[in-house]
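Shown below: query_21.cif, with mmCIF, C-alpha atoms, pLDDT in the B column; chains and numbers go by the auth columns.
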data_data
loop_
_atom_site.group_PDB
_atom_site.id
_atom_site.type_symbol
_atom_site.label_atom_id
_atom_site.label_comp_id
_atom_site.label_asym_id
_atom_site.label_seq_id
_atom_site.Cartn_x
_atom_site.Cartn_y
_atom_site.Cartn_z
_atom_site.B_iso_or_equiv
_atom_site.auth_seq_id
_atom_site.auth_asym_id
ATOM 1 C CA MET A 1 191.911 -200.899 86.635 43.00 1 A
ATOM 2 C CA LYS A 2 191.334 -197.536 84.955 51.00 2 A
ATOM 3 C CA ARG A 3 193.141 -194.470 86.179 52.00 3 A
ATOM 4 C CA THR A 4 190.722 -191.986 87.767 59.00 4 A
ATOM 5 C CA ASP A 5 193.136 -189.188 88.637 63.00 5 A
ATOM 6 C CA ARG A 6 194.652 -186.733 86.185 57.00 6 A
ATOM 7 C CA LYS A 7 198.368 -186.717 85.526 71.00 7 A
ATOM 8 C CA SER A 8 198.549 -182.924 85.539 79.00 8 A
ATOM 9 C CA HIS A 9 196.439 -179.798 85.432 79.00 9 A
ATOM 10 C CA CYS A 10 197.936 -178.636 82.135 84.00 10 A
ATOM 11 C CA PRO A 11 195.143 -177.357 79.825 78.00 11 A
ATOM 12 C CA VAL A 12 196.331 -179.602 76.974 79.00 12 A
ATOM 13 C CA ASN A 13 196.257 -182.619 79.279 79.00 13 A
ATOM 14 C CA SER A 14 192.810 -181.588 80.504 77.00 14 A
ATOM 15 C CA ALA A 15 191.449 -181.562 76.936 77.00 15 A
ATOM 16 C CA LEU A 16 193.176 -184.821 76.068 76.00 16 A
ATOM 17 C CA GLU A 17 191.655 -186.504 79.118 78.00 17 A
ATOM 18 C CA VAL A 18 188.246 -185.964 77.462 75.00 18 A
ATOM 19 C CA VAL A 19 188.886 -186.197 73.705 76.00 19 A
ATOM 20 C CA GLY A 20 192.475 -187.398 73.418 74.00 20 A
ATOM 21 C CA ASP A 21 191.790 -190.811 71.991 86.00 21 A
ATOM 22 C CA PRO A 22 191.074 -191.064 68.246 81.00 22 A
ATOM 23 C CA TRP A 23 187.619 -192.590 68.654 93.00 23 A
ATOM 24 C CA SER A 24 186.187 -189.710 70.689 93.00 24 A
ATOM 25 C CA LEU A 25 187.063 -187.090 68.094 94.00 25 A
ATOM 26 C CA LEU A 26 185.824 -189.379 65.309 95.00 26 A
ATOM 27 C CA VAL A 27 182.415 -189.611 66.991 96.00 27 A
ATOM 28 C CA VAL A 28 182.313 -185.809 67.219 96.00 28 A
ATOM 29 C CA ARG A 29 183.493 -185.633 63.585 96.00 29 A
ATOM 30 C CA ASP A 30 180.693 -187.964 62.490 97.00 30 A
ATOM 31 C CA ILE A 31 178.100 -185.642 64.031 97.00 31 A
ATOM 32 C CA VAL A 32 179.654 -182.427 62.693 97.00 32 A
ATOM 33 C CA PHE A 33 180.738 -183.529 59.226 96.00 33 A
ATOM 34 C CA TYR A 34 178.289 -186.324 58.367 97.00 34 A
ATOM 35 C CA GLY A 35 175.195 -185.689 60.471 97.00 35 A
ATOM 36 C CA LYS A 36 175.318 -189.067 62.216 96.00 36 A
ATOM 37 C CA HIS A 37 173.425 -189.371 65.493 94.00 37 A
ATOM 38 C CA THR A 38 172.740 -193.030 66.336 94.00 38 A
ATOM 39 C CA PHE A 39 174.851 -195.934 67.529 95.00 39 A
ATOM 40 C CA GLY A 40 174.295 -197.770 64.239 95.00 40 A
ATOM 41 C CA GLU A 41 175.341 -194.755 62.177 96.00 41 A
ATOM 42 C CA PHE A 42 178.556 -194.341 64.174 96.00 42 A
ATOM 43 C CA LEU A 43 179.228 -198.066 63.923 96.00 43 A
ATOM 44 C CA ALA A 44 178.981 -197.876 60.105 95.00 44 A
ATOM 45 C CA SER A 45 181.868 -195.384 59.843 94.00 45 A
ATOM 46 C CA GLU A 46 184.824 -196.348 57.656 92.00 46 A
ATOM 47 C CA GLU A 47 187.203 -196.633 60.617 92.00 47 A
ATOM 48 C CA ARG A 48 185.294 -199.711 61.848 90.00 48 A
ATOM 49 C CA ILE A 49 185.108 -199.099 65.570 93.00 49 A
ATOM 50 C CA THR A 50 184.058 -202.091 67.670 95.00 50 A
ATOM 51 C CA THR A 51 180.715 -202.042 69.470 96.00 51 A
ATOM 52 C CA SER A 52 182.335 -202.149 72.910 96.00 52 A
ATOM 53 C CA VAL A 53 184.716 -199.257 72.185 95.00 53 A
ATOM 54 C CA LEU A 54 181.893 -197.205 70.644 97.00 54 A
ATOM 55 C CA ALA A 55 179.628 -197.801 73.644 97.00 55 A
ATOM 56 C CA ASP A 56 182.480 -196.782 75.954 96.00 56 A
ATOM 57 C CA ARG A 57 183.254 -193.587 74.011 96.00 57 A
ATOM 58 C CA LEU A 58 179.591 -192.547 73.763 97.00 58 A
ATOM 59 C CA ALA A 59 179.232 -192.992 77.530 96.00 59 A
ATOM 60 C CA LYS A 60 182.487 -191.108 78.184 95.00 60 A
ATOM 61 C CA LEU A 61 181.512 -188.209 75.890 96.00 61 A
ATOM 62 C CA THR A 62 178.032 -188.050 77.431 97.00 62 A
ATOM 63 C CA ASN A 63 179.376 -188.143 80.997 96.00 63 A
ATOM 64 C CA SER A 64 181.920 -185.416 80.225 94.00 64 A
ATOM 65 C CA GLY A 65 179.256 -183.106 78.796 96.00 65 A
ATOM 66 C CA ILE A 66 180.335 -183.256 75.135 96.00 66 A
ATOM 67 C CA LEU A 67 177.276 -185.214 73.979 98.00 67 A
ATOM 68 C CA ARG A 68 173.663 -185.322 75.065 97.00 68 A
ATOM 69 C CA LYS A 69 171.696 -188.532 74.685 96.00 69 A
ATOM 70 C CA GLN A 70 167.955 -188.711 74.152 94.00 70 A
ATOM 71 C CA ARG A 71 165.468 -191.036 72.568 92.00 71 A
ATOM 72 C CA ASP A 72 165.400 -190.716 68.779 77.00 72 A
ATOM 73 C CA PRO A 73 162.199 -188.805 67.972 77.00 73 A
ATOM 74 C CA ALA A 74 161.762 -190.879 64.791 80.00 74 A
ATOM 75 C CA ASP A 75 162.205 -194.249 66.544 84.00 75 A
ATOM 76 C CA ARG A 76 161.833 -194.320 70.335 84.00 76 A
ATOM 77 C CA ARG A 77 163.753 -197.616 70.488 87.00 77 A
ATOM 78 C CA ARG A 78 166.975 -195.859 69.422 89.00 78 A
ATOM 79 C CA GLU A 79 169.086 -193.326 71.259 94.00 79 A
ATOM 80 C CA PHE A 80 169.980 -190.097 69.494 94.00 80 A
ATOM 81 C CA TYR A 81 173.268 -188.318 70.267 96.00 81 A
ATOM 82 C CA SER A 82 173.883 -184.631 69.661 96.00 82 A
ATOM 83 C CA LEU A 83 176.515 -182.123 70.696 97.00 83 A
ATOM 84 C CA THR A 84 176.082 -179.960 73.758 97.00 84 A
ATOM 85 C CA SER A 85 177.356 -176.377 73.746 96.00 85 A
ATOM 86 C CA ARG A 86 180.628 -177.766 75.125 96.00 86 A
ATOM 87 C CA GLY A 87 180.771 -180.231 72.226 97.00 87 A
ATOM 88 C CA LEU A 88 180.007 -177.520 69.679 97.00 88 A
ATOM 89 C CA GLU A 89 183.055 -175.654 70.966 96.00 89 A
ATOM 90 C CA LEU A 90 185.202 -178.461 69.507 95.00 90 A
ATOM 91 C CA ILE A 91 184.288 -177.371 65.965 96.00 91 A
ATOM 92 C CA PRO A 92 187.374 -175.122 65.517 95.00 92 A
ATOM 93 C CA VAL A 93 189.563 -178.034 66.675 93.00 93 A
ATOM 94 C CA LEU A 94 188.001 -180.329 64.057 93.00 94 A
ATOM 95 C CA VAL A 95 188.286 -177.677 61.339 93.00 95 A
ATOM 96 C CA GLU A 96 191.979 -177.206 62.066 92.00 96 A
ATOM 97 C CA LEU A 97 192.606 -180.970 62.167 91.00 97 A
ATOM 98 C CA ALA A 98 190.822 -181.290 58.806 91.00 98 A
ATOM 99 C CA ASN A 99 192.887 -178.435 57.352 91.00 99 A
ATOM 100 C CA TRP A 100 196.073 -180.063 58.600 90.00 100 A
ATOM 101 C CA GLY A 101 194.987 -183.393 57.070 90.00 101 A
ATOM 102 C CA VAL A 102 194.286 -181.762 53.700 89.00 102 A
ATOM 103 C CA ARG A 103 197.714 -180.134 53.744 89.00 103 A
ATOM 104 C CA TYR A 104 199.721 -183.215 54.655 90.00 104 A
ATOM 105 C CA ASP A 105 197.842 -186.293 53.399 91.00 105 A
ATOM 106 C CA PRO A 106 198.166 -186.589 49.625 90.00 106 A
ATOM 107 C CA GLU A 107 195.151 -188.915 49.474 91.00 107 A
ATOM 108 C CA VAL A 108 192.730 -186.396 50.996 89.00 108 A
ATOM 109 C CA VAL A 109 190.703 -184.577 48.350 87.00 109 A
ATOM 110 C CA GLU A 110 190.536 -180.849 48.890 87.00 110 A
ATOM 111 C CA ASN A 111 187.211 -179.015 48.555 89.00 111 A
ATOM 112 C CA PRO A 112 188.000 -175.648 46.940 90.00 112 A
ATOM 113 C CA LEU A 113 184.986 -173.922 48.524 89.00 113 A
ATOM 114 C CA TRP A 114 186.123 -175.009 51.989 89.00 114 A
ATOM 115 C CA THR A 115 189.729 -174.017 51.280 89.00 115 A
ATOM 116 C CA ARG A 116 188.724 -170.571 50.049 90.00 116 A
ATOM 117 C CA LYS A 117 186.540 -169.966 53.102 92.00 117 A
ATOM 118 C CA VAL A 118 189.380 -171.048 55.401 91.00 118 A
ATOM 119 C CA GLN A 119 191.762 -168.659 53.627 90.00 119 A
ATOM 120 C CA THR A 120 189.380 -165.681 53.570 93.00 120 A
ATOM 121 C CA ASP A 121 187.116 -166.058 56.613 94.00 121 A
ATOM 122 C CA ARG A 122 188.149 -168.811 59.015 93.00 122 A
ATOM 123 C CA THR A 123 186.045 -167.386 61.855 94.00 123 A
ATOM 124 C CA GLY A 124 183.036 -167.170 59.535 94.00 124 A
ATOM 125 C CA LEU A 125 183.525 -170.829 58.611 95.00 125 A
ATOM 126 C CA TYR A 126 183.574 -171.802 62.296 95.00 126 A
ATOM 127 C CA LYS A 127 180.328 -169.884 62.844 95.00 127 A
ATOM 128 C CA LEU A 128 178.669 -171.326 59.745 96.00 128 A
ATOM 129 C CA ILE A 129 179.507 -174.866 60.858 96.00 129 A
ATOM 130 C CA LEU A 130 178.433 -174.199 64.455 96.00 130 A
ATOM 131 C CA ASP A 131 175.095 -172.692 63.388 97.00 131 A
ATOM 132 C CA THR A 132 174.434 -175.484 60.879 97.00 132 A
ATOM 133 C CA VAL A 133 175.278 -178.303 63.303 97.00 133 A
ATOM 134 C CA ALA A 134 173.401 -176.669 66.196 96.00 134 A
ATOM 135 C CA SER A 135 170.285 -176.624 64.011 94.00 135 A
ATOM 136 C CA GLY A 136 170.660 -180.313 63.127 93.00 136 A
ATOM 137 C CA GLY A 137 172.670 -180.083 59.903 96.00 137 A
ATOM 138 C CA SER A 138 176.195 -181.115 58.997 97.00 138 A
ATOM 139 C CA VAL A 139 179.172 -180.080 56.903 96.00 139 A
ATOM 140 C CA TRP A 140 178.838 -182.569 54.033 94.00 140 A
ATOM 141 C CA ARG A 141 175.334 -184.051 54.046 94.00 141 A
ATOM 142 C CA GLY A 142 171.930 -182.535 53.363 90.00 142 A
ATOM 143 C CA ASN A 143 170.357 -179.795 51.275 88.00 143 A
ATOM 144 C CA ASP A 144 171.407 -177.161 53.786 92.00 144 A
ATOM 145 C CA SER A 145 174.857 -178.599 54.533 96.00 145 A
ATOM 146 C CA VAL A 146 177.770 -176.245 55.025 96.00 146 A
ATOM 147 C CA VAL A 147 179.239 -177.106 51.610 94.00 147 A
ATOM 148 C CA GLU A 148 175.867 -176.452 49.943 94.00 148 A
ATOM 149 C CA GLN A 149 175.662 -173.095 51.693 94.00 149 A
ATOM 150 C CA LEU A 150 179.198 -172.298 50.541 93.00 150 A
ATOM 151 C CA ARG A 151 178.326 -173.373 46.996 92.00 151 A
ATOM 152 C CA ARG A 152 175.210 -171.188 46.914 90.00 152 A
ATOM 153 C CA SER A 153 177.087 -168.188 48.285 87.00 153 A
ATOM 154 C CA SER A 154 180.015 -168.605 45.882 80.00 154 A
ATOM 155 C CA ASP A 155 178.046 -167.280 42.899 65.00 155 A
ATOM 156 C CA PRO A 156 174.636 -165.612 42.633 59.00 156 A
ATOM 157 C CA LYS A 157 173.621 -168.250 40.070 57.00 157 A
ATOM 158 C CA GLY A 158 174.859 -171.063 42.315 48.00 158 A
ATOM 159 C CA ARG A 159 177.945 -171.831 40.204 51.00 159 A
ATOM 160 C CA PRO A 160 181.178 -172.369 42.140 46.00 160 A
ATOM 161 C CA THR A 161 183.659 -169.636 41.238 44.00 161 A
ATOM 162 C CA LEU A 162 186.470 -170.671 43.543 42.00 162 A
ATOM 163 C CA ARG A 163 189.509 -172.667 42.491 39.00 163 A
ATOM 164 C CA ALA A 164 191.621 -175.125 44.432 38.00 164 A
ATOM 165 C CA ARG A 165 194.965 -173.826 45.491 38.00 165 A
ATOM 166 C CA PRO A 166 197.852 -175.135 43.406 36.00 166 A
ATOM 167 C CA GLY A 167 199.478 -178.395 44.538 34.00 167 A
#
Would you encode the structure as structure tokens?
Amino acid sequence: MKRTDRKSHCPVNSALEVVGDPWSLLVVRDIVFYGKHTFGEFLASEERITTSVLADRLAKLTNSGILRKQRDPADRRREFYSLTSRGLELIPVLVELANWGVRYDPEVVENPLWTRKVQTDRTGLYKLILDTVASGGSVWRGNDSVVEQLRRSSDPKGRPTLRARPG
């Protein structure tokens, strides 16, 4: 039987009650970073979530107001998931988790444009990601992705001028 009461009213516990398991944040990550929106797209992620766990997390995130579910406009047989305003507010959390991962996992490849933006205008990066995702885009995928916008703004001729920070 699942626990229905909260262990405490600590704000950290409150947040973890909603997004404290790895799968919930990975679903949010897939929307923000990769522009995924359907069950099948989430299922195809590298982490290989099971169908039952994915269905459970999508329901939990929808019920807690992080995701909204609607019929996919391109294919009415599929459901389309997007972030609510509450879900969009998780973007700084994801950015900081990504930054931490870049710093401490030697296998993660650093994007110098991202790193420079984090170092010079972290709040601006949060806003750029929020605005891009809210309008249907993502960080890594698409012609108007966050990294493409960073690339275009890095040099008037579109050439990246930023360098990765030394190892």
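Residue membership of the PyMOL selection byres ((chain A and resi 41) around 12) in the shown file amounts to A:Val27, A:Asp30, A:Ile31, A:Tyr34, A:Gly35, A:Lys36, A:His37, A:Thr38, A:Phe39, A:Gly40, A:Phe42, A:Leu43, A:Ala44, A:Ser45, A:Glu46, A:Arg48, A:Ile49, A:Thr51, A:Leu54, A:Arg78, A:Glu79, A:Phe80, A:Tyr81.
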(request) Calculate how many Å separate CA of Gln149 (chain A) from CA of Gln119 (chain A), rounding to one decimal. (result)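 Result for CA of Gln149 (chain A) versus CA of Gln119 (chain A): 16.8 Å, one decimal.
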(message) Here is a test: counting only C-alpha atoms, which residue of A:Leu88, A:Ala55, A:Cys10, A:Val95 is nearest to Ala134 (chain A)?
(response) A:Leu88
(request) Counting all atoms listed in the file, find the residues whose atoms lie at most 12 Å from (176.6, -173.1, 54.4) (file coordinates) and write them out as a ChimeraX atom specification. (result) /A:113-114,117,124-133,137-154
I need the residues from that last selection saved to file as a PDB file, in the frame of the given file (with C-alpha atoms), if you can.
ATOM      1  CA  LEU A 113     184.986-173.922  48.524  1.00 89.00           C
ATOM      2  CA  TRP A 114     186.123-175.009  51.989  1.00 89.00           C
ATOM      3  CA  LYS A 117     186.540-169.966  53.102  1.00 92.00           C
ATOM      4  CA  GLY A 124     183.036-167.170  59.535  1.00 94.00           C
ATOM      5  CA  LEU A 125     183.525-170.829  58.611  1.00 95.00           C
ATOM      6  CA  TYR A 126     183.574-171.802  62.296  1.00 95.00           C
ATOM      7  CA  LYS A 127     180.328-169.884  62.844  1.00 95.00           C
ATOM      8  CA  LEU A 128     178.669-171.326  59.745  1.00 96.00           C
ATOM      9  CA  ILE A 129     179.507-174.866  60.858  1.00 96.00           C
ATOM     10  CA  LEU A 130     178.433-174.199  64.455  1.00 96.00           C
ATOM     11  CA  ASP A 131     175.095-172.692  63.388  1.00 97.00           C
ATOM     12  CA  THR A 132     174.434-175.484  60.879  1.00 97.00           C
ATOM     13  CA  VAL A 133     175.278-178.303  63.303  1.00 97.00           C
ATOM     14  CA  GLY A 137     172.670-180.083  59.903  1.00 96.00           C
ATOM     15  CA  SER A 138     176.195-181.115  58.997  1.00 97.00           C
ATOM     16  CA  VAL A 139     179.172-180.080  56.903  1.00 96.00           C
ATOM     17  CA  TRP A 140     178.838-182.569  54.033  1.00 94.00           C
ATOM     18  CA  ARG A 141     175.334-184.051  54.046  1.00 94.00           C
ATOM     19  CA  GLY A 142     171.930-182.535  53.363  1.00 90.00           C
ATOM     20  CA  ASN A 143     170.357-179.795  51.275  1.00 88.00           C
ATOM     21  CA  ASP A 144     171.407-177.161  53.786  1.00 92.00           C
ATOM     22  CA  SER A 145     174.857-178.599  54.533  1.00 96.00           C
ATOM     23  CA  VAL A 146     177.770-176.245  55.025  1.00 96.00           C
ATOM     24  CA  VAL A 147     179.239-177.106  51.610  1.00 94.00           C
ATOM     25  CA  GLU A 148     175.867-176.452  49.943  1.00 94.00           C
ATOM     26  CA  GLN A 149     175.662-173.095  51.693  1.00 94.00           C
ATOM     27  CA  LEU A 150     179.198-172.298  50.541  1.00 93.00           C
ATOM     28  CA  ARG A 151     178.326-173.373  46.996  1.00 92.00           C
ATOM     29  CA  ARG A 152     175.210-171.188  46.914  1.00 90.00           C
ATOM     30  CA  SER A 153     177.087-168.188  48.285  1.00 87.00           C
ATOM     31  CA  SER A 154     180.015-168.605  45.882  1.00 80.00           C
TER      32      SER A 154
END
(request) Go through A:Pro73, A:Glu17, A:Thr50, A:Arg122 one by one, measure the shortest atom-to-atom distance of each to Ile91 (chain A) using only C-alpha atoms, and give the residue with the smallest value. (result)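 Among A:Pro73, A:Glu17, A:Thr50, A:Arg122, it is A:Arg122 that comes nearest to Ile91 (chain A).
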Enclose region 133-148 of chain A, meaning all of its atoms listed in the file, in a box aligned along x, y and z, pad it by 8 Å on each side, and list the centre and edge lengths in Å to one decimal, as AutoDock Vina command-line options.
--center_x 174.8 --center_y -180.1 --center_z 58.1 --size_x 25.0 --size_y 23.8 --size_z 32.3
